[in-house]
>>> print(open('query-v2.pdb').read())   # PDB, C-alpha atoms
ATOM      1  CA  MET A   1       3.929 -18.761   6.564  1.00  0.00           C
ATOM      2  CA  ALA A   2       6.325 -16.208   5.080  1.00  0.00           C
ATOM      3  CA  ARG A   3       8.564 -14.475   7.579  1.00  0.00           C
ATOM      4  CA  LEU A   4       7.698 -11.100   6.049  1.00  0.00           C
ATOM      5  CA  GLU A   5       4.052 -10.253   5.357  1.00  0.00           C
ATOM      6  CA  VAL A   6       2.933  -6.851   4.096  1.00  0.00           C
ATOM      7  CA  PHE A   7      -0.718  -5.795   4.221  1.00  0.00           C
ATOM      8  CA  TYR A   8      -1.030  -2.784   1.938  1.00  0.00           C
ATOM      9  CA  ASP A   9      -3.281  -0.426   0.004  1.00  0.00           C
ATOM     10  CA  VAL A  10      -1.904   1.667  -2.866  1.00  0.00           C
ATOM     11  CA  SER A  11      -4.022   4.643  -1.760  1.00  0.00           C
ATOM     12  CA  SER A  12      -1.517   5.474   1.009  1.00  0.00           C
ATOM     13  CA  PRO A  13       1.600   7.589   0.293  1.00  0.00           C
ATOM     14  CA  TRP A  14       3.414   6.162   3.300  1.00  0.00           C
ATOM     15  CA  THR A  15       2.740   2.702   1.928  1.00  0.00           C
ATOM     16  CA  TYR A  16       4.303   3.759  -1.382  1.00  0.00           C
ATOM     17  CA  LEU A  17       7.457   4.681   0.523  1.00  0.00           C
ATOM     18  CA  ALA A  18       7.469   1.421   2.482  1.00  0.00           C
ATOM     19  CA  PHE A  19       6.800  -0.601  -0.672  1.00  0.00           C
ATOM     20  CA  HIS A  20       9.763   1.050  -2.380  1.00  0.00           C
ATOM     21  CA  ASN A  21      12.151   0.927   0.583  1.00  0.00           C
ATOM     22  CA  LEU A  22      11.324  -2.544   1.897  1.00  0.00           C
ATOM     23  CA  GLN A  23      12.100  -4.511  -1.260  1.00  0.00           C
ATOM     24  CA  PRO A  24      15.867  -3.896  -1.515  1.00  0.00           C
ATOM     25  CA  MET A  25      16.235  -4.592   2.204  1.00  0.00           C
ATOM     26  CA  ALA A  26      14.344  -7.876   1.938  1.00  0.00           C
ATOM     27  CA  GLN A  27      16.360  -8.858  -1.119  1.00  0.00           C
ATOM     28  CA  ARG A  28      19.610  -8.092   0.676  1.00  0.00           C
ATOM     29  CA  LEU A  29      18.552 -10.352   3.549  1.00  0.00           C
ATOM     30  CA  GLY A  30      17.217 -13.075   1.269  1.00  0.00           C
ATOM     31  CA  GLU A  31      13.695 -12.720   2.643  1.00  0.00           C
ATOM     32  CA  PRO A  32      10.724 -13.136   0.275  1.00  0.00           C
ATOM     33  CA  ILE A  33       7.794 -10.793   0.802  1.00  0.00           C
ATOM     34  CA  GLU A  34       4.210 -11.996   0.961  1.00  0.00           C
ATOM     35  CA  TRP A  35       2.113  -9.096  -0.330  1.00  0.00           C
ATOM     36  CA  LYS A  36      -1.454  -8.974   1.006  1.00  0.00           C
ATOM     37  CA  PRO A  37      -3.740  -6.383  -0.610  1.00  0.00           C
ATOM     38  CA  ILE A  38      -6.318  -4.815   1.683  1.00  0.00           C
ATOM     39  CA  LEU A  39      -8.842  -1.989   1.669  1.00  0.00           C
ATOM     40  CA  VAL A  40      -7.491   0.485   4.177  1.00  0.00           C
ATOM     41  CA  GLY A  41     -10.837   2.295   4.250  1.00  0.00           C
ATOM     42  CA  GLY A  42     -12.374  -0.887   5.606  1.00  0.00           C
ATOM     43  CA  VAL A  43      -9.748  -0.947   8.330  1.00  0.00           C
ATOM     44  CA  PHE A  44     -10.414   2.702   9.224  1.00  0.00           C
ATOM     45  CA  ASN A  45     -14.174   2.091   9.328  1.00  0.00           C
ATOM     46  CA  ALA A  46     -13.740  -0.881  11.644  1.00  0.00           C
ATOM     47  CA  VAL A  47     -11.015   0.158  14.072  1.00  0.00           C
ATOM     48  CA  ASN A  48      -9.526   3.570  13.260  1.00  0.00           C
ATOM     49  CA  PRO A  49     -12.209   6.185  12.453  1.00  0.00           C
ATOM     50  CA  SER A  50     -10.014   8.887  13.992  1.00  0.00           C
ATOM     51  CA  VAL A  51      -8.363   9.158  10.565  1.00  0.00           C
ATOM     52  CA  TYR A  52     -11.542  10.711   9.176  1.00  0.00           C
ATOM     53  CA  ALA A  53     -11.851  13.126  12.088  1.00  0.00           C
ATOM     54  CA  MET A  54      -8.256  14.230  11.549  1.00  0.00           C
ATOM     55  CA  ARG A  55      -8.925  14.891   7.848  1.00  0.00           C
ATOM     56  CA  GLU A  56     -12.016  16.936   8.648  1.00  0.00           C
ATOM     57  CA  ASN A  57     -10.348  18.953  11.414  1.00  0.00           C
ATOM     58  CA  PRO A  58      -6.582  18.910  10.857  1.00  0.00           C
ATOM     59  CA  VAL A  59      -4.187  20.515  13.307  1.00  0.00           C
ATOM     60  CA  PRO A  60      -2.541  23.147  11.055  1.00  0.00           C
ATOM     61  CA  ALA A  61       0.976  22.816  12.465  1.00  0.00           C
ATOM     62  CA  LYS A  62       0.835  19.020  12.358  1.00  0.00           C
ATOM     63  CA  ALA A  63      -0.565  19.008   8.809  1.00  0.00           C
ATOM     64  CA  SER A  64       2.184  21.363   7.654  1.00  0.00           C
ATOM     65  CA  TYR A  65       4.874  19.190   9.211  1.00  0.00           C
ATOM     66  CA  MET A  66       3.362  16.019   7.741  1.00  0.00           C
ATOM     67  CA  GLN A  67       3.641  17.549   4.279  1.00  0.00           C
ATOM     68  CA  LYS A  68       7.315  18.364   4.900  1.00  0.00           C
ATOM     69  CA  ASP A  69       7.965  14.942   6.412  1.00  0.00           C
ATOM     70  CA  LEU A  70       6.386  13.161   3.456  1.00  0.00           C
ATOM     71  CA  GLN A  71       8.447  15.127   0.950  1.00  0.00           C
ATOM     72  CA  ASP A  72      11.647  14.534   2.949  1.00  0.00           C
ATOM     73  CA  TRP A  73      11.025  10.783   2.827  1.00  0.00           C
ATOM     74  CA  ALA A  74      10.099  10.907  -0.857  1.00  0.00           C
ATOM     75  CA  ARG A  75      13.261  12.809  -1.715  1.00  0.00           C
ATOM     76  CA  GLN A  76      15.395  10.318   0.205  1.00  0.00           C
ATOM     77  CA  ALA A  77      13.742   7.435  -1.683  1.00  0.00           C
ATOM     78  CA  GLY A  78      14.059   9.152  -5.053  1.00  0.00           C
ATOM     79  CA  LEU A  79      10.275   9.201  -5.491  1.00  0.00           C
ATOM     80  CA  LYS A  80       7.858  11.883  -6.617  1.00  0.00           C
ATOM     81  CA  ILE A  81       4.773  12.156  -4.418  1.00  0.00           C
ATOM     82  CA  LYS A  82       2.069  14.765  -4.890  1.00  0.00           C
ATOM     83  CA  PHE A  83       0.056  15.239  -1.729  1.00  0.00           C
ATOM     84  CA  PRO A  84      -2.799  15.565  -1.829  1.00  0.00           C
ATOM     85  CA  PRO A  85      -3.424  14.275  -5.338  1.00  0.00           C
ATOM     86  CA  SER A  86      -6.345  15.709  -7.302  1.00  0.00           C
ATOM     87  CA  VAL A  87      -8.583  12.801  -6.247  1.00  0.00           C
ATOM     88  CA  PHE A  88      -8.120  12.146  -2.521  1.00  0.00           C
ATOM     89  CA  PRO A  89      -9.025   9.901  -0.915  1.00  0.00           C
ATOM     90  CA  VAL A  90      -9.321   7.595  -3.898  1.00  0.00           C
ATOM     91  CA  ASN A  91     -11.507   4.503  -4.200  1.00  0.00           C
ATOM     92  CA  SER A  92      -8.807   1.846  -4.535  1.00  0.00           C
ATOM     93  CA  VAL A  93     -11.041  -1.239  -4.512  1.00  0.00           C
ATOM     94  CA  LYS A  94     -10.539  -2.087  -8.194  1.00  0.00           C
ATOM     95  CA  ALA A  95      -6.796  -1.498  -7.976  1.00  0.00           C
ATOM     96  CA  MET A  96      -6.468  -3.782  -4.975  1.00  0.00           C
ATOM     97  CA  ARG A  97      -8.570  -6.495  -6.618  1.00  0.00           C
ATOM     98  CA  ALA A  98      -6.353  -6.158  -9.680  1.00  0.00           C
ATOM     99  CA  CYS A  99      -3.282  -6.668  -7.498  1.00  0.00           C
ATOM    100  CA  ILE A 100      -4.724  -9.950  -6.223  1.00  0.00           C
ATOM    101  CA  TRP A 101      -5.423 -11.004  -9.816  1.00  0.00           C
ATOM    102  CA  ALA A 102      -1.854 -10.110 -10.821  1.00  0.00           C
ATOM    103  CA  GLU A 103      -0.406 -12.429  -8.165  1.00  0.00           C
ATOM    104  CA  SER A 104      -1.514 -15.488 -10.133  1.00  0.00           C
ATOM    105  CA  MET A 105       0.839 -14.339 -12.897  1.00  0.00           C
ATOM    106  CA  GLY A 106       3.693 -13.386 -10.589  1.00  0.00           C
ATOM    107  CA  LYS A 107       3.095  -9.702 -11.277  1.00  0.00           C
ATOM    108  CA  GLN A 108       1.531  -8.365  -8.094  1.00  0.00           C
ATOM    109  CA  ALA A 109       4.494  -6.218  -7.046  1.00  0.00           C
ATOM    110  CA  ALA A 110       4.896  -4.893 -10.594  1.00  0.00           C
ATOM    111  CA  LEU A 111       1.233  -3.896 -10.796  1.00  0.00           C
ATOM    112  CA  ALA A 112       1.246  -2.337  -7.335  1.00  0.00           C
ATOM    113  CA  ARG A 113       4.321  -0.313  -8.293  1.00  0.00           C
ATOM    114  CA  ALA A 114       2.584   0.932 -11.433  1.00  0.00           C
ATOM    115  CA  CYS A 115      -0.512   1.925  -9.442  1.00  0.00           C
ATOM    116  CA  PHE A 116       1.605   3.765  -6.873  1.00  0.00           C
ATOM    117  CA  GLU A 117       3.485   5.633  -9.597  1.00  0.00           C
ATOM    118  CA  LEU A 118       0.371   6.579 -11.535  1.00  0.00           C
ATOM    119  CA  TYR A 119      -1.530   7.816  -8.502  1.00  0.00           C
ATOM    120  CA  TRP A 120       1.123   9.420  -6.339  1.00  0.00           C
ATOM    121  CA  GLY A 121       3.704  10.390  -8.950  1.00  0.00           C
ATOM    122  CA  GLU A 122       1.531  11.260 -11.947  1.00  0.00           C
ATOM    123  CA  ASP A 123      -1.717  12.324 -10.270  1.00  0.00           C
ATOM    124  CA  LYS A 124      -3.922   9.888 -12.195  1.00  0.00           C
ATOM    125  CA  ASP A 125      -7.151   8.511 -10.759  1.00  0.00           C
ATOM    126  CA  ILE A 126      -6.588   4.787 -10.202  1.00  0.00           C
ATOM    127  CA  SER A 127     -10.286   4.221  -9.589  1.00  0.00           C
ATOM    128  CA  GLN A 128     -10.748   4.575 -13.348  1.00  0.00           C
ATOM    129  CA  GLU A 129     -10.332   1.431 -15.418  1.00  0.00           C
ATOM    130  CA  ILE A 130      -8.505   3.293 -18.181  1.00  0.00           C
ATOM    131  CA  VAL A 131      -5.808   4.163 -15.644  1.00  0.00           C
ATOM    132  CA  LEU A 132      -5.732   0.590 -14.336  1.00  0.00           C
ATOM    133  CA  ALA A 133      -5.325  -0.597 -17.914  1.00  0.00           C
ATOM    134  CA  GLU A 134      -2.284   1.667 -18.170  1.00  0.00           C
ATOM    135  CA  ALA A 135      -0.932   0.152 -14.958  1.00  0.00           C
ATOM    136  CA  CYS A 136      -1.399  -3.331 -16.429  1.00  0.00           C
ATOM    137  CA  ALA A 137       0.557  -2.347 -19.529  1.00  0.00           C
ATOM    138  CA  ARG A 138       3.426  -1.040 -17.386  1.00  0.00           C
ATOM    139  CA  ALA A 139       3.427  -4.255 -15.360  1.00  0.00           C
ATOM    140  CA  GLY A 140       3.493  -6.447 -18.461  1.00  0.00           C
ATOM    141  CA  LEU A 141      -0.042  -7.728 -17.936  1.00  0.00           C
ATOM    142  CA  ASP A 142      -2.672  -8.295 -20.594  1.00  0.00           C
ATOM    143  CA  LYS A 143      -5.426  -5.836 -19.706  1.00  0.00           C
ATOM    144  CA  ALA A 144      -8.021  -8.034 -21.429  1.00  0.00           C
ATOM    145  CA  GLY A 145      -8.698  -9.895 -18.179  1.00  0.00           C
ATOM    146  CA  LEU A 146      -8.868  -6.791 -16.004  1.00  0.00           C
ATOM    147  CA  GLN A 147     -12.621  -6.167 -16.155  1.00  0.00           C
ATOM    148  CA  GLN A 148     -13.428  -9.776 -15.313  1.00  0.00           C
ATOM    149  CA  ALA A 149     -10.844  -9.812 -12.535  1.00  0.00           C
ATOM    150  CA  VAL A 150     -12.149  -6.766 -10.681  1.00  0.00           C
ATOM    151  CA  ASN A 151     -15.646  -8.288 -10.653  1.00  0.00           C
ATOM    152  CA  ASP A 152     -14.572 -11.835  -9.774  1.00  0.00           C
ATOM    153  CA  ALA A 153     -16.333 -13.165  -6.659  1.00  0.00           C
ATOM    154  CA  GLU A 154     -13.296 -15.087  -5.389  1.00  0.00           C
ATOM    155  CA  ILE A 155     -11.041 -12.045  -5.736  1.00  0.00           C
ATOM    156  CA  LYS A 156     -13.592  -9.874  -3.927  1.00  0.00           C
ATOM    157  CA  ALA A 157     -13.725 -12.448  -1.128  1.00  0.00           C
ATOM    158  CA  GLU A 158      -9.939 -12.628  -0.857  1.00  0.00           C
ATOM    159  CA  LEU A 159      -9.619  -8.848  -0.566  1.00  0.00           C
ATOM    160  CA  LYS A 160     -12.226  -8.800   2.193  1.00  0.00           C
ATOM    161  CA  ALA A 161     -10.551 -11.737   3.941  1.00  0.00           C
ATOM    162  CA  ASN A 162      -7.171  -9.959   3.864  1.00  0.00           C
ATOM    163  CA  THR A 163      -8.758  -6.816   5.304  1.00  0.00           C
ATOM    164  CA  ASP A 164     -10.506  -8.775   8.040  1.00  0.00           C
ATOM    165  CA  GLU A 165      -7.282 -10.649   8.771  1.00  0.00           C
ATOM    166  CA  VAL A 166      -5.153  -7.569   9.335  1.00  0.00           C
ATOM    167  CA  ILE A 167      -7.811  -6.158  11.662  1.00  0.00           C
ATOM    168  CA  SER A 168      -8.002  -9.420  13.611  1.00  0.00           C
ATOM    169  CA  ARG A 169      -4.211  -9.415  14.008  1.00  0.00           C
ATOM    170  CA  GLY A 170      -4.129  -5.911  15.468  1.00  0.00           C
ATOM    171  CA  GLY A 171      -3.590  -3.780  12.384  1.00  0.00           C
ATOM    172  CA  PHE A 172      -5.094  -0.303  12.085  1.00  0.00           C
ATOM    173  CA  GLY A 173      -3.775   1.036   8.763  1.00  0.00           C
ATOM    174  CA  SER A 174      -1.454   0.602   5.800  1.00  0.00           C
ATOM    175  CA  PRO A 175       1.222  -0.614   5.603  1.00  0.00           C
ATOM    176  CA  THR A 176       1.009  -3.199   8.356  1.00  0.00           C
ATOM    177  CA  ILE A 177       4.007  -5.522   8.342  1.00  0.00           C
ATOM    178  CA  PHE A 178       4.511  -8.754  10.260  1.00  0.00           C
ATOM    179  CA  VAL A 179       7.754 -10.582  10.963  1.00  0.00           C
ATOM    180  CA  ASP A 180       7.395 -14.265  11.845  1.00  0.00           C
ATOM    181  CA  GLY A 181       3.620 -14.057  11.940  1.00  0.00           C
ATOM    182  CA  HIS A 182       3.234 -12.191  15.224  1.00  0.00           C
ATOM    183  CA  ASP A 183       5.720  -9.298  15.392  1.00  0.00           C
ATOM    184  CA  MET A 184       3.806  -6.299  13.975  1.00  0.00           C
ATOM    185  CA  TYR A 185       5.197  -3.035  12.607  1.00  0.00           C
ATOM    186  CA  PHE A 186       3.351  -0.082  11.101  1.00  0.00           C
ATOM    187  CA  GLY A 187       4.542   2.466   8.588  1.00  0.00           C
ATOM    188  CA  ASN A 188       7.526   3.299   6.429  1.00  0.00           C
ATOM    189  CA  ASP A 189       9.664   4.601   9.288  1.00  0.00           C
ATOM    190  CA  ARG A 190       9.867   1.239  11.075  1.00  0.00           C
ATOM    191  CA  LEU A 191      12.007  -0.491   8.441  1.00  0.00           C
ATOM    192  CA  ALA A 192      15.183  -0.324  10.533  1.00  0.00           C
ATOM    193  CA  LEU A 193      13.351  -2.177  13.305  1.00  0.00           C
ATOM    194  CA  ILE A 194      12.040  -4.732  10.819  1.00  0.00           C
ATOM    195  CA  GLU A 195      15.541  -5.356   9.512  1.00  0.00           C
ATOM    196  CA  ALA A 196      16.831  -5.836  13.061  1.00  0.00           C
ATOM    197  CA  ALA A 197      14.010  -8.299  13.803  1.00  0.00           C
ATOM    198  CA  LEU A 198      14.725 -10.293  10.647  1.00  0.00           C
ATOM    199  CA  LYS A 199      18.415 -10.459  11.461  1.00  0.00           C
ATOM    200  CA  ALA A 200      17.738 -11.475  15.044  1.00  0.00           C
ATOM    201  CA  GLY A 201      15.415 -14.232  13.863  1.00  0.00           C
TER     202      GLY A 201
END
>>> encode(input="query-v2.pdb", output="C-alpha cells")
Amino acid sequence: MARLEVFYDVSSPWTYLAFHNLQPMAQRLGEPIEWKPILVGGVFNAVNPSVYAMRENPVPAKASYMQKDLQDWARQAGLKIKFPPSVFPVNSVKAMRACIWAESMGKQAALARACFELYWGEDKDISQEIVLAEACARAGLDKAGLQQAVNDAEIKAELKANTDEVISRGGFGSPTIFVDGHDMYFGNDRLALIEAALKAG
C-alpha cells in the first residue's frame, strides 16, 4: 500500500487546490501518490447529505467568507478558480471514469489536471465529451478510446469500489487523504499536517 493515498473528484475546487499543492510536497519528500478517483456525490448521498442542505439554505456570512477563502487559497497557489462555475454542481462521472482509464497509460494526474483547469479555470462543462476530449489532448492521450473507456464495465466498477472504499474508511468528501493506510486527513488546508505525518513516519 502506498504511504500517500488521495481519494478525489475533480468537481471540487478545494480538491483542485489540494491536487496542485500536494504534488510538489510529495515530490520533495520522495513520496509517490496513489490517486483514487471517486464520485463525491455518492459519498454525500451515503454519509454527508448536509452538503445539499447547506447549498439550498446557505448562511450568507459563511458563504461570503468561503468565497473569499477560496480565492485567497487560489491566489496563493497561482490558480484561477471561478466559483461557482456556470454548471454547478457538475456531473463528473465520465471525467472520473476517464481518470481511471488514463492511469493505465501513466497519465491519470495529467488528465485530472486538465479536467480541473478546464472546469474551474476556464468554466467549461466537463460532463460533455467534447470537453473531455480536449482534456485528453492536453494530457497527451489519444481521445479515440475515451468513449469506450467511460462506458467500460470494469472502469465503472472500479470507480464505485473506490467510492465505497473511502466511505468505509471514514471519508465524507473530497479530497480525502490517507497516510500509511489509516491516518486520514480532509481538505486542502491539512497539507502541513500531512507533511508532518510523512516526516514522522
>>> closest_atom_pairs(input="query-v2.pdb", of="segment 7-36 of chain A", to="segment 117-136 of chain A", cutoff="10 Å", atoms="only C-alpha atoms", output="tab-separated table")
residue	atom	partner	partner_atom	distance
A:Val10	CA	A:Tyr119	CA	8.3
A:Ser11	CA	A:Tyr119	CA	7.9
A:Ser12	CA	A:Trp120	CA	8.7
A:Pro13	CA	A:Trp120	CA	6.9
A:Tyr16	CA	A:Trp120	CA	8.2
>>> atom_distance(input="query-v2.pdb", atom1="atom CA of Val179 of chain A", atom2="atom CA of Ala95 of chain A")
25.6 Å
>>> resolve_selection(input="query-v2.pdb", expression="the PyMOL selection byres ((chain A and resi 156) around 12)", output="PyMOL selection string")
chain A and resi 37-39+93-101+148-155+157-163
>>> atom_distance(input="query-v2.pdb", atom1="atom CA of Pro32 of chain A", atom2="atom CA of Leu191 of chain A")
15.1 Å
>>> resolve_selection(input="query-v2.pdb", expression="the PyMOL selection byres ((chain A and resi 181) around 9)", output="ChimeraX atom specification")
/A:1-5,178-180,182-184
>>> write_last_selection(input="query-v2.pdb", atoms="C-alpha atoms", output="CSV table (one decimal), in the coordinates of the input")
chain,number,residue,atom,x,y,z
A,1,MET,CA,3.9,-18.8,6.6
A,2,ALA,CA,6.3,-16.2,5.1
A,3,ARG,CA,8.6,-14.5,7.6
A,4,LEU,CA,7.7,-11.1,6.0
A,5,GLU,CA,4.1,-10.3,5.4
A,178,PHE,CA,4.5,-8.8,10.3
A,179,VAL,CA,7.8,-10.6,11.0
A,180,ASP,CA,7.4,-14.3,11.8
A,182,HIS,CA,3.2,-12.2,15.2
A,183,ASP,CA,5.7,-9.3,15.4
A,184,MET,CA,3.8,-6.3,14.0
>>> resolve_selection(input="query-v2.pdb", expression="the PyMOL selection byres ((chain A and resi 186) around 6)", output="PyMOL selection string")
chain A and resi 175-176+185+187
>>> atom_distance(input="query-v2.pdb", atom1="atom CA of Ser92 of chain A", atom2="atom CA of Asp9 of chain A")
7.5 Å
>>> closest_residue(input="query-v2.pdb", among="A:Asp142, A:Asp69, A:Glu103, A:Glu31", to="Leu198 of chain A", atoms="all atoms listed in the file")
A:Glu31
>>> closest_residue(input="query-v2.pdb", among="A:Gln27, A:Asp164, A:Ser64, A:Leu17", to="Asn45 of chain A", atoms="only C-alpha atoms")
A:Asp164
